[in-house]
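So this block is data-v8.cif, mmCIF, C-alpha atoms:
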```cif
data_entry
loop_
_atom_site.label_atom_id
_atom_site.label_comp_id
_atom_site.auth_asym_id
_atom_site.auth_seq_id
_atom_site.Cartn_x
_atom_site.Cartn_y
_atom_site.Cartn_z
CA MET J 30 -22.12 -1.76 -26.23
CA PRO J 31 -21.71 -4.83 -23.99
CA LEU J 32 -18.96 -4.84 -21.39
CA PRO J 33 -15.78 -6.75 -22.25
CA SER J 34 -15.68 -10.21 -20.72
CA PHE J 35 -14.11 -10.74 -17.31
CA LYS J 36 -10.89 -12.03 -18.85
CA GLU J 37 -10.82 -9.16 -21.37
CA GLN J 38 -11.20 -6.65 -18.54
CA PHE J 39 -8.45 -8.34 -16.55
CA ALA J 40 -6.16 -8.26 -19.60
CA ALA J 41 -6.96 -4.62 -20.38
CA LEU J 42 -6.09 -3.56 -16.83
CA ILE J 43 -2.75 -5.40 -17.03
CA ALA J 44 -2.03 -3.80 -20.42
CA ALA J 45 -2.67 -0.27 -19.13
CA PRO J 46 0.69 0.96 -17.75
CA SER J 47 0.43 2.62 -14.34
CA VAL J 48 3.81 2.42 -12.59
CA SER J 49 4.30 4.71 -9.62
CA CYS J 50 7.86 5.23 -8.42
CA THR J 51 10.04 7.66 -6.51
CA GLN J 52 12.31 7.83 -9.59
CA ALA J 53 10.86 10.19 -12.17
CA HIS J 54 12.00 8.16 -15.20
CA TRP J 55 9.82 5.23 -14.05
CA ASP J 56 6.82 7.15 -12.76
CA GLN J 57 3.69 7.11 -14.94
CA SER J 58 0.14 8.43 -14.92
CA ASN J 59 -2.60 6.05 -13.79
CA ARG J 60 -5.14 7.75 -16.07
CA PRO J 61 -5.47 4.75 -18.47
CA VAL J 62 -6.58 2.45 -15.63
CA ILE J 63 -8.97 4.99 -14.14
CA GLU J 64 -10.56 5.67 -17.54
CA LEU J 65 -11.15 1.95 -18.15
CA LEU J 66 -12.76 1.45 -14.74
CA ALA J 67 -14.90 4.58 -15.04
CA ALA J 68 -16.16 3.51 -18.47
CA TRP J 69 -17.07 -0.03 -17.37
CA LEU J 70 -18.64 1.00 -14.07
CA GLY J 71 -20.48 3.88 -15.70
CA ASP J 72 -22.01 1.43 -18.19
CA LEU J 73 -23.25 -0.63 -15.23
CA GLY J 74 -25.02 2.37 -13.74
CA PHE J 75 -22.44 3.47 -11.17
CA ALA J 76 -22.03 7.19 -10.53
CA CYS J 77 -18.31 7.77 -11.18
CA GLU J 78 -16.34 10.60 -9.61
CA THR J 79 -12.74 11.13 -10.70
CA GLN J 80 -10.41 13.37 -8.71
CA GLU J 81 -6.99 14.52 -9.90
CA ILE J 82 -4.69 14.27 -6.88
CA SER J 83 -1.59 15.63 -8.64
CA PRO J 84 -0.71 16.08 -12.32
CA GLY J 85 -1.53 12.78 -14.07
CA LYS J 86 -2.56 11.00 -10.86
CA PHE J 87 -6.22 10.20 -10.19
CA ASN J 88 -8.57 8.59 -7.69
CA LEU J 89 -11.88 7.08 -8.76
CA LEU J 90 -14.88 6.69 -6.48
CA ALA J 91 -17.77 4.84 -8.13
CA SER J 92 -21.04 4.44 -6.21
CA TYR J 93 -24.17 2.37 -6.77
CA GLY J 94 -27.13 3.18 -4.57
CA SER J 95 -27.20 5.92 -1.99
CA GLY J 96 -27.71 6.63 1.66
CA PRO J 97 -25.72 5.93 4.82
CA GLY J 98 -23.89 2.71 5.55
CA GLY J 99 -22.84 0.40 2.76
CA LEU J 100 -19.62 -1.24 1.65
CA VAL J 101 -16.39 0.08 0.12
CA LEU J 102 -14.36 -2.29 -2.07
CA ALA J 103 -11.00 -0.60 -2.44
CA GLY J 104 -7.67 -1.01 -4.14
CA HIS J 105 -4.83 0.85 -5.80
CA SER J 106 -4.56 1.33 -9.53
CA ASP J 107 -0.75 1.55 -9.73
CA THR J 108 2.01 -1.04 -9.89
CA VAL J 109 5.67 -1.16 -8.95
CA PRO J 110 8.35 -0.79 -11.66
CA PHE J 111 9.45 -3.92 -13.50
CA ASP J 112 12.44 -5.34 -15.34
CA ALA J 113 11.00 -6.92 -18.47
CA ALA J 114 14.20 -8.90 -19.09
CA LEU J 115 13.58 -10.93 -15.90
CA TRP J 116 10.07 -11.95 -16.93
CA GLN J 117 9.37 -15.15 -18.87
CA SER J 118 6.43 -13.36 -20.56
CA ASP J 119 5.45 -9.80 -21.44
CA PRO J 120 4.63 -8.19 -18.06
CA LEU J 121 1.96 -5.99 -19.71
CA LYS J 122 0.19 -8.90 -21.42
CA LEU J 123 -2.04 -11.35 -19.58
CA THR J 124 -0.59 -14.84 -20.02
CA GLU J 125 -1.98 -18.13 -18.72
CA VAL J 126 0.67 -20.52 -17.37
CA ASP J 127 0.12 -23.62 -15.24
CA GLY J 128 -3.27 -22.58 -13.90
CA ARG J 129 -2.21 -19.01 -13.26
CA TRP J 130 -2.85 -15.63 -14.85
CA VAL J 131 0.54 -13.96 -15.11
CA GLY J 132 1.01 -10.21 -15.57
CA LEU J 133 2.09 -7.04 -13.78
CA GLY J 134 -0.71 -6.11 -11.37
CA SER J 135 -2.51 -9.46 -11.62
CA CYS J 136 -1.91 -10.06 -7.91
CA ASP J 137 -1.00 -6.59 -6.61
CA MET J 138 -3.59 -5.55 -7.47
CA LYS J 139 -5.31 -4.23 -10.60
CA GLY J 140 -6.86 -7.64 -11.22
CA PHE J 141 -8.99 -7.15 -8.09
CA PHE J 142 -11.10 -4.54 -9.89
CA ALA J 143 -12.05 -6.99 -12.64
CA LEU J 144 -13.11 -9.46 -9.93
CA VAL J 145 -15.24 -6.80 -8.23
CA ILE J 146 -17.01 -5.94 -11.51
CA GLU J 147 -17.60 -9.61 -12.28
CA ALA J 148 -18.96 -10.20 -8.78
CA VAL J 149 -21.41 -7.31 -8.76
CA GLN J 150 -23.01 -7.72 -12.18
CA PRO J 151 -25.48 -10.51 -11.26
CA LEU J 152 -26.60 -8.50 -8.22
CA LEU J 153 -27.52 -5.30 -10.04
CA ASN J 154 -31.07 -6.49 -10.76
CA GLN J 155 -31.76 -6.34 -7.00
CA ARG J 156 -32.54 -3.21 -5.02
CA PHE J 157 -29.49 -1.89 -3.17
CA GLN J 158 -30.70 -0.87 0.30
CA GLN J 159 -27.28 0.58 1.13
CA PRO J 160 -24.62 1.84 -1.27
CA LEU J 161 -21.71 -0.02 -2.81
CA LEU J 162 -18.63 2.12 -3.39
CA ILE J 163 -15.69 1.03 -5.50
CA LEU J 164 -12.54 3.00 -4.79
CA ALA J 165 -9.41 3.03 -6.96
CA THR J 166 -6.50 5.11 -5.67
CA CYS J 167 -3.22 6.38 -7.11
CA ASP J 168 0.40 6.05 -5.96
CA GLU J 169 -0.06 3.44 -3.24
CA GLU J 170 3.28 1.91 -4.25
CA SER J 171 5.14 5.18 -3.62
CA SER J 172 3.66 8.07 -1.63
CA MET J 173 0.11 6.81 -0.93
CA SER J 174 -0.97 10.28 -2.02
CA GLY J 175 -4.37 9.05 -3.24
CA ALA J 176 -5.39 7.56 0.10
CA ARG J 177 -3.88 10.47 2.02
CA ALA J 178 -5.92 12.96 -0.02
CA LEU J 179 -9.08 10.95 0.62
CA ALA J 180 -8.46 10.92 4.37
CA ALA J 181 -7.57 14.63 4.41
CA ALA J 182 -10.85 15.49 2.66
CA GLY J 183 -12.68 13.76 5.51
CA ARG J 184 -15.65 12.68 3.43
CA PRO J 185 -17.40 9.69 5.06
CA LEU J 186 -17.48 6.55 2.95
CA GLY J 187 -19.21 3.28 3.80
CA ARG J 188 -19.82 1.45 7.02
CA ALA J 189 -17.22 -1.18 6.10
CA ALA J 190 -14.24 -1.23 3.75
CA VAL J 191 -12.40 -4.21 2.27
CA ILE J 192 -9.06 -3.60 0.57
CA GLY J 193 -8.26 -6.33 -1.96
CA GLU J 194 -4.50 -6.50 -1.39
CA PRO J 195 -2.93 -9.98 -1.72
CA THR J 196 -3.68 -11.94 1.45
CA GLY J 197 -4.48 -15.37 0.04
CA LEU J 198 -8.17 -14.80 0.87
CA LYS J 199 -7.36 -14.63 4.57
CA PRO J 200 -8.66 -11.61 6.51
CA ILE J 201 -6.04 -9.22 7.87
CA ARG J 202 -6.90 -6.86 10.72
CA LEU J 203 -3.42 -5.67 11.71
CA HIS J 204 -0.34 -4.49 9.89
CA LYS J 205 2.81 -2.60 10.66
CA GLY J 206 3.37 0.99 9.68
CA ILE J 207 6.18 2.19 7.45
CA LEU J 208 8.56 5.11 7.53
CA MET J 209 10.79 5.68 4.48
CA GLU J 210 13.61 7.99 5.58
CA ARG J 211 16.77 9.64 4.26
CA ILE J 212 19.92 10.85 5.99
CA ASP J 213 22.26 13.22 4.10
CA ILE J 214 25.74 13.93 5.42
CA LEU J 215 27.71 16.88 4.05
CA GLY J 216 31.37 16.73 4.95
CA GLN J 217 34.37 18.35 3.29
CA SER J 218 36.35 16.76 0.48
CA GLY J 219 40.08 16.96 0.27
CA HIS J 220 43.20 15.11 -0.88
CA SER J 221 43.24 11.62 0.60
CA SER J 222 46.96 11.86 1.39
CA ASP J 223 46.21 14.10 4.39
CA PRO J 224 43.06 13.39 6.45
CA ARG J 225 43.38 16.86 8.04
CA LEU J 226 42.29 18.44 4.74
CA GLY J 227 38.68 17.26 4.98
CA HIS J 228 35.86 15.74 6.99
CA SER J 229 34.78 12.37 5.71
CA ALA J 230 31.05 12.00 5.24
CA LEU J 231 31.57 8.27 4.72
CA GLU J 232 33.26 7.78 8.09
CA ALA J 233 30.51 9.80 9.75
CA MET J 234 27.95 7.59 8.02
CA GLN J 235 29.66 4.52 9.47
CA ASP J 236 28.90 5.86 12.95
CA VAL J 237 25.34 6.78 11.90
CA LEU J 238 24.83 3.18 10.77
CA GLY J 239 26.04 1.99 14.14
CA GLU J 240 23.59 4.26 15.94
CA LEU J 241 20.69 3.07 13.77
CA ARG J 242 21.55 -0.56 14.38
CA GLY J 243 21.75 0.18 18.11
CA LEU J 244 18.30 1.76 18.06
CA ARG J 245 16.97 -1.22 16.11
CA THR J 246 18.28 -3.59 18.78
CA GLN J 247 16.78 -1.40 21.53
CA TRP J 248 13.35 -1.20 19.87
CA GLN J 249 13.30 -4.93 19.18
CA ARG J 250 13.93 -5.56 22.89
CA GLU J 251 11.18 -3.13 23.94
CA PHE J 252 8.43 -3.94 21.45
CA ASN J 253 7.04 -7.34 20.56
CA ASN J 254 3.69 -8.45 19.17
CA PRO J 255 3.34 -12.21 18.74
CA GLN J 256 0.39 -11.73 16.37
CA PHE J 257 2.94 -10.91 13.65
CA SER J 258 5.12 -13.50 11.94
CA VAL J 259 7.96 -10.99 12.41
CA PRO J 260 6.94 -9.96 15.94
CA VAL J 261 9.35 -7.02 16.30
CA PRO J 262 9.74 -3.69 14.52
CA THR J 263 12.24 -3.81 11.66
CA LEU J 264 14.72 -1.29 10.29
CA ASN J 265 16.15 -2.00 6.83
CA LEU J 266 19.24 -0.17 5.56
CA GLY J 267 18.07 0.01 1.95
CA CYS J 268 20.60 1.97 -0.12
CA ILE J 269 23.64 4.18 0.32
CA HIS J 270 25.43 6.59 -2.01
CA GLY J 271 28.54 8.65 -1.43
CA GLY J 272 31.91 9.87 -2.62
CA ASP J 273 33.32 9.93 -6.12
CA ASN J 274 36.93 8.72 -6.17
CA PRO J 275 39.28 6.61 -4.05
CA ASN J 276 41.83 9.43 -3.66
CA ARG J 277 39.38 12.06 -2.39
CA ILE J 278 38.05 12.39 1.11
CA CYS J 279 34.33 11.67 0.80
CA GLY J 280 32.45 14.96 0.93
CA GLN J 281 28.87 13.69 0.73
CA CYS J 282 27.02 10.52 1.67
CA ALA J 283 23.31 9.65 1.72
CA LEU J 284 21.43 6.72 3.25
CA GLU J 285 17.83 5.66 2.64
CA PHE J 286 16.17 3.22 5.02
CA ASP J 287 12.77 2.00 6.09
CA LEU J 288 11.38 1.44 9.56
CA ARG J 289 8.26 -0.67 10.18
CA PRO J 290 6.71 0.03 13.59
CA LEU J 291 4.17 -2.15 15.36
CA PRO J 292 0.72 -0.89 16.33
CA GLY J 293 1.18 1.30 19.39
CA MET J 294 4.53 2.76 18.30
CA ASP J 295 4.50 6.50 17.51
CA PRO J 296 6.42 7.38 14.31
CA GLU J 297 7.30 10.87 15.59
CA GLN J 298 8.81 9.47 18.78
CA LEU J 299 10.93 7.10 16.67
CA ARG J 300 12.14 10.01 14.54
CA ALA J 301 12.96 12.05 17.63
CA ALA J 302 15.09 9.19 18.95
CA ILE J 303 17.00 9.02 15.66
CA ARG J 304 17.60 12.79 15.61
CA GLN J 305 18.95 12.65 19.16
CA LYS J 306 21.55 10.07 18.08
CA LEU J 307 22.65 12.10 15.03
CA VAL J 308 23.60 15.30 16.88
CA PRO J 309 26.77 13.98 18.60
CA VAL J 310 27.88 12.15 15.44
CA ALA J 311 27.75 15.41 13.47
CA ALA J 312 29.74 17.22 16.17
CA GLN J 313 32.35 14.50 16.44
CA HIS J 314 33.06 14.40 12.70
CA GLY J 315 32.62 18.09 11.91
CA VAL J 316 29.91 17.39 9.32
CA ARG J 317 26.36 18.50 8.65
CA ILE J 318 23.65 15.85 8.96
CA ASP J 319 20.17 16.38 7.50
CA TYR J 320 17.44 13.86 8.29
CA GLY J 321 13.88 13.67 7.10
CA PRO J 322 11.18 11.47 5.58
CA LEU J 323 11.09 10.58 1.89
CA PHE J 324 7.30 10.46 2.33
CA PRO J 325 4.95 11.01 5.25
CA SER J 326 4.81 7.87 7.34
CA VAL J 327 2.07 5.27 6.99
CA PRO J 328 0.75 4.54 10.48
CA PRO J 329 0.34 1.02 11.83
CA PHE J 330 -3.15 -0.42 11.40
CA GLU J 331 -5.33 -2.39 13.79
CA GLN J 332 -9.03 -3.16 13.49
CA SER J 333 -10.63 -4.49 16.67
CA ALA J 334 -11.11 -8.25 16.73
CA ASP J 335 -14.78 -7.94 17.68
CA ALA J 336 -15.73 -5.61 14.81
CA GLU J 337 -18.69 -6.77 12.74
CA LEU J 338 -16.62 -6.85 9.54
CA VAL J 339 -13.89 -8.94 11.16
CA ARG J 340 -16.36 -11.47 12.56
CA LEU J 341 -18.20 -11.69 9.23
CA ALA J 342 -14.99 -12.18 7.22
CA GLU J 343 -13.82 -14.90 9.60
CA GLN J 344 -17.16 -16.67 9.21
CA LEU J 345 -17.18 -16.41 5.41
CA THR J 346 -13.53 -17.42 4.84
CA GLY J 347 -13.09 -19.93 7.65
CA HIS J 348 -9.87 -18.15 8.69
CA LYS J 349 -9.17 -16.20 11.86
CA ALA J 350 -8.20 -12.60 11.15
CA ALA J 351 -4.43 -12.23 11.32
CA SER J 352 -1.62 -9.75 10.64
CA VAL J 353 0.89 -8.92 7.91
CA ALA J 354 4.19 -7.05 7.91
CA PHE J 355 3.51 -4.96 4.80
CA ALA J 356 1.68 -1.63 4.88
CA THR J 357 -1.57 -0.77 3.09
CA GLU J 358 -4.05 2.09 2.75
CA ALA J 359 -6.18 0.63 5.56
CA PRO J 360 -5.36 3.30 8.19
CA TYR J 361 -6.66 6.04 5.90
CA LEU J 362 -9.99 4.35 5.25
CA GLN J 363 -10.28 3.65 8.97
CA GLN J 364 -9.78 7.38 9.63
CA LEU J 365 -12.93 7.99 7.56
CA GLY J 366 -15.02 5.90 9.93
CA CYS J 367 -15.01 2.58 8.09
CA GLU J 368 -14.52 -0.72 9.82
CA THR J 369 -11.61 -1.84 7.65
CA LEU J 370 -10.09 -5.16 6.64
CA VAL J 371 -7.45 -6.24 4.13
CA LEU J 372 -8.63 -9.27 2.17
CA GLY J 373 -7.77 -10.25 -1.39
CA PRO J 374 -7.07 -13.27 -3.61
CA GLY J 375 -3.40 -12.82 -4.47
CA ASP J 376 -0.28 -14.09 -2.70
CA ILE J 377 2.12 -11.47 -1.33
CA ASP J 378 5.07 -13.80 -1.98
CA CYS J 379 4.78 -13.22 -5.74
CA ALA J 380 4.01 -9.49 -5.54
CA HIS J 381 6.75 -7.11 -6.71
CA GLN J 382 8.40 -10.07 -8.45
CA PRO J 383 8.96 -11.07 -12.10
CA GLY J 384 6.18 -13.44 -13.11
CA GLU J 385 3.59 -12.01 -10.71
CA TYR J 386 0.45 -14.13 -10.93
CA LEU J 387 -3.05 -14.89 -9.69
CA GLU J 388 -4.04 -18.51 -9.17
CA LEU J 389 -7.09 -19.30 -11.32
CA SER J 390 -8.39 -21.47 -8.48
CA ARG J 391 -8.84 -18.29 -6.42
CA ILE J 392 -11.27 -16.65 -8.86
CA GLU J 393 -14.52 -18.43 -7.98
CA PRO J 394 -13.95 -18.28 -4.19
CA THR J 395 -13.23 -14.56 -4.50
CA LEU J 396 -16.38 -13.92 -6.52
CA THR J 397 -18.44 -15.86 -3.97
CA LEU J 398 -16.90 -13.94 -1.07
CA LEU J 399 -17.42 -10.54 -2.71
CA ARG J 400 -21.07 -11.34 -3.45
CA GLN J 401 -21.61 -12.41 0.16
CA LEU J 402 -20.08 -9.17 1.43
CA ILE J 403 -22.16 -7.07 -0.98
CA ALA J 404 -25.32 -8.94 0.02
CA HIS J 405 -24.65 -8.36 3.72
CA TYR J 406 -23.78 -4.67 3.52
CA CYS J 407 -25.76 -3.45 0.50
CA LEU J 408 -28.79 -5.66 -0.17
CA GLN J 409 -30.09 -5.64 3.42
CA PRO J 410 -31.90 -2.59 4.85
CA ALA J 411 -29.90 -0.23 7.02
CA THR J 412 -30.43 -0.62 10.75
CA PRO J 413 -29.98 2.23 13.29
CA GLU J 414 -26.58 0.92 14.38
CA SER J 415 -25.42 0.60 10.75
CA SER J 416 -26.58 4.01 9.58
CA GLY J 417 -23.07 5.39 9.65
CA GLY J 418 -19.42 4.48 10.05
CA GLU J 419 -17.83 4.21 13.43
CA ASN J 420 -14.25 4.88 14.41
CA ALA J 421 -12.32 1.86 15.50
#
```

Please, can you express the file's structure as C-alpha cells?
Amino acid sequence: MPLPSFKEQFAALIAAPSVSCTQAHWDQSNRPVIELLAAWLGDLGFACETQEISPGKFNLLASYGSGPGGLVLAGHSDTVPFDAALWQSDPLKLTEVDGRWVGLGSCDMKGFFALVIEAVQPLLNQRFQQPLLILATCDEESSMSGARALAAAGRPLGRAAVIGEPTGLKPIRLHKGILMERIDILGQSGHSSDPRLGHSALEAMQDVLGELRGLRTQWQREFNNPQFSVPVPTLNLGCIHGGDNPNRICGQCALEFDLRPLPGMDPEQLRAAIRQKLVPVAAQHGVRIDYGPLFPSVPPFEQSADAELVRLAEQLTGHKAASVAFATEAPYLQQLGCETLVLGPGDIDCAHQPGEYLELSRIEPTLTLLRQLIAHYCLQPATPESSGGENA
C-alpha cells in the first residue's frame, strides 16, 4: 500500500490527539501518533523500536542504515492542551488559511515528522554510509519523561542531532533551563475575628513572594548573557491557590512558579538559596513550608560555537547560531554524545496559541535543508573523527 501523501500525513498527525499535561483530565496517550509514524517509517524500510516509558506514553526510535556516526532528527509527539472555543477552526483538523497550515501541533511540532518523511523518501535509493535515526519522544510539554528515559538508558545515538522545534529555520545552540517548582504552606485556620486563633498561610505566602522576588532581583544582577534576547534569568510567579472563605484564617496556600536559569547556573544551588530564605519565614509565621520540584529540572543547553554541526547549519541556513529562552530536549541528546542543535520551520510566537500554524513558504526550504543534512551525515562515508559522538 502506498504511503499517504505529505499533506495527508501532516493532517493525520494533527488529527491524532496527543496532549500531555500535568492535569490528569487533559493528559492523553501519544500512542496514536507513534503508531502512525512507525507504520509509515516501517513501510519505507526503517527499523522501528517503540519503548513504553510509562502507561500509555511511548518513544519511537526509527533507524535506516547502521554503524557508528550518522544523524538524529528528533522531535516530540505530544502537544499542549487547547481551548477549542478560542480557535477559528477545528484544532484537530488541518486547515489551510492565508498561506498557512493551521492545526494543533502544526508548528510545535508534530508536523516536523511529516517533513522529515517527505525529505528522506527521494534519498532512499542511495546507499546510506552512516545511519539516519528518527526519534519521536513523549511528554516533552510536561515532564520530558521520554527524553529523560533516553538519556538515563545511555545508549549512544548519532554523531549529530537536530531537534525540529520552532525556530524559524534559524539554528539555535543555546537555551535556558527550566525549573517548575511548588511551595506549600500549611498554617492553622481559625475564626477571622481573632487573629490569635490561627496562623495565616496566606500572610506567610506574602513574605515568601517577597523573598522570591528579592532572589530574582539578586540573580538578575549577578547573571547576564547578552546572547539571549532576555539576557537575565527569569522567575515567573505562575499560579497561587489558598483559603476557602473570607471569615476564616487561611490554613493552606500553594504557589507554583518557574525559574529559567542561564547556561552556567546550577539548578541545585538555586534551590538551596530558595530553601534558605523559606526557613525564617516559616518560623516567623508559625507555619510549615514544603518546597520541591513539580518535575526534575531541565538543564540549560549550550553547544559550542565551533562544533561541526553548528558551522554546517550556519552555512546551510545563512544565519548565525543564536539562543532562545524556551527549553527543549537538547541537553538530553547532548548527554548521549550528539553534537546537538535546535532547528525547525515553525515560529515560536504562534506555539501554544489558538490558531497555531506553519507557513507554507517554509516547507520547501525545510525539505531542502533536511536533505542537505542527511546527505552530509548519512550519505558520505564515515571518517575516523566521525565514527562516534563526542561530548560537547

Straight-line distance linking CA of Gly373 (chain J) with CA of Pro195 (chain J), stated in Å to one decimal: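 Calculated distance between CA of Gly373 (chain J) and CA of Pro195 (chain J) is 4.9 Å.
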
Expansion of the PyMOL selection byres ((chain J and resi 44) around 9) into residues, as a list in words: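 Applying the expression gives Phe39, Ala40, Ala41, Leu42, Ile43, Ala45, Pro46, Pro120, Leu121, Lys122, Leu123, Gly132 and Leu133 of chain J.
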
Counting all atoms listed in the file, the option among J:Leu161, J:Lys205, J:Thr166, J:Gly293 closest to Glu251 (chain J): J:Gly293

Spatial neighbours of region 71-75 of chain J, 10 Å, all atoms listed in the file, chain gap at least 5 places, as a list of chain:residue names: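 The filter keeps J:Met30, J:Pro31, J:Leu32, J:Leu65, J:Leu66, J:Leu90, J:Ala91, J:Ser92, J:Tyr93, J:Gly94, J:Ile146, J:Val149, J:Gln150, J:Leu153, J:Leu161, J:Leu162, J:Ile163.
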
Which residue of J:Met173, J:Leu264, J:Cys282, J:Ile63 approaches Ile214 (chain J) most closely, using all atoms listed in the file: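 Checking each of J:Met173, J:Leu264, J:Cys282, J:Ile63 against Ile214 (chain J), counting all atoms listed in the file, the winner is J:Cys282.
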
Gap from CA of Gly315 (chain J) to CA of Glu240 (chain J) - Å, one decimal: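 A separation of 17.0 Å between them.
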
Can you put N, CA and C atoms back into region 286-297 of chain J and show it as a compact mmCIF listing (two decimals), in the coordinates of the input?
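Listed below is the output, result-v1.txt:
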```
# COMPACT_ATOMS: atom_id res chain seq x y z
N PHE J 286 16.53 4.41 4.25
CA PHE J 286 16.17 3.22 5.02
C PHE J 286 14.68 3.22 5.30
N ASP J 287 14.17 2.05 5.66
CA ASP J 287 12.77 2.00 6.09
C ASP J 287 12.67 1.40 7.48
N LEU J 288 11.65 1.85 8.19
CA LEU J 288 11.38 1.44 9.56
C LEU J 288 9.91 1.04 9.61
N ARG J 289 9.64 -0.16 10.14
CA ARG J 289 8.26 -0.67 10.18
C ARG J 289 7.83 -0.87 11.64
N PRO J 290 7.13 0.12 12.20
CA PRO J 290 6.71 0.03 13.59
C PRO J 290 5.48 -0.84 13.78
N LEU J 291 5.35 -1.38 14.97
CA LEU J 291 4.17 -2.15 15.36
C LEU J 291 3.04 -1.20 15.77
N PRO J 292 1.80 -1.68 15.74
CA PRO J 292 0.72 -0.89 16.33
C PRO J 292 1.08 -0.48 17.76
N GLY J 293 0.84 0.79 18.08
CA GLY J 293 1.18 1.30 19.39
C GLY J 293 2.48 2.08 19.43
N MET J 294 3.29 2.00 18.38
CA MET J 294 4.53 2.76 18.30
C MET J 294 4.26 4.05 17.53
N ASP J 295 4.74 5.18 18.08
CA ASP J 295 4.50 6.50 17.51
C ASP J 295 5.64 6.87 16.56
N PRO J 296 5.35 7.05 15.26
CA PRO J 296 6.42 7.38 14.31
C PRO J 296 7.22 8.62 14.70
N GLU J 297 6.57 9.64 15.25
CA GLU J 297 7.30 10.87 15.59
C GLU J 297 8.26 10.64 16.76
```
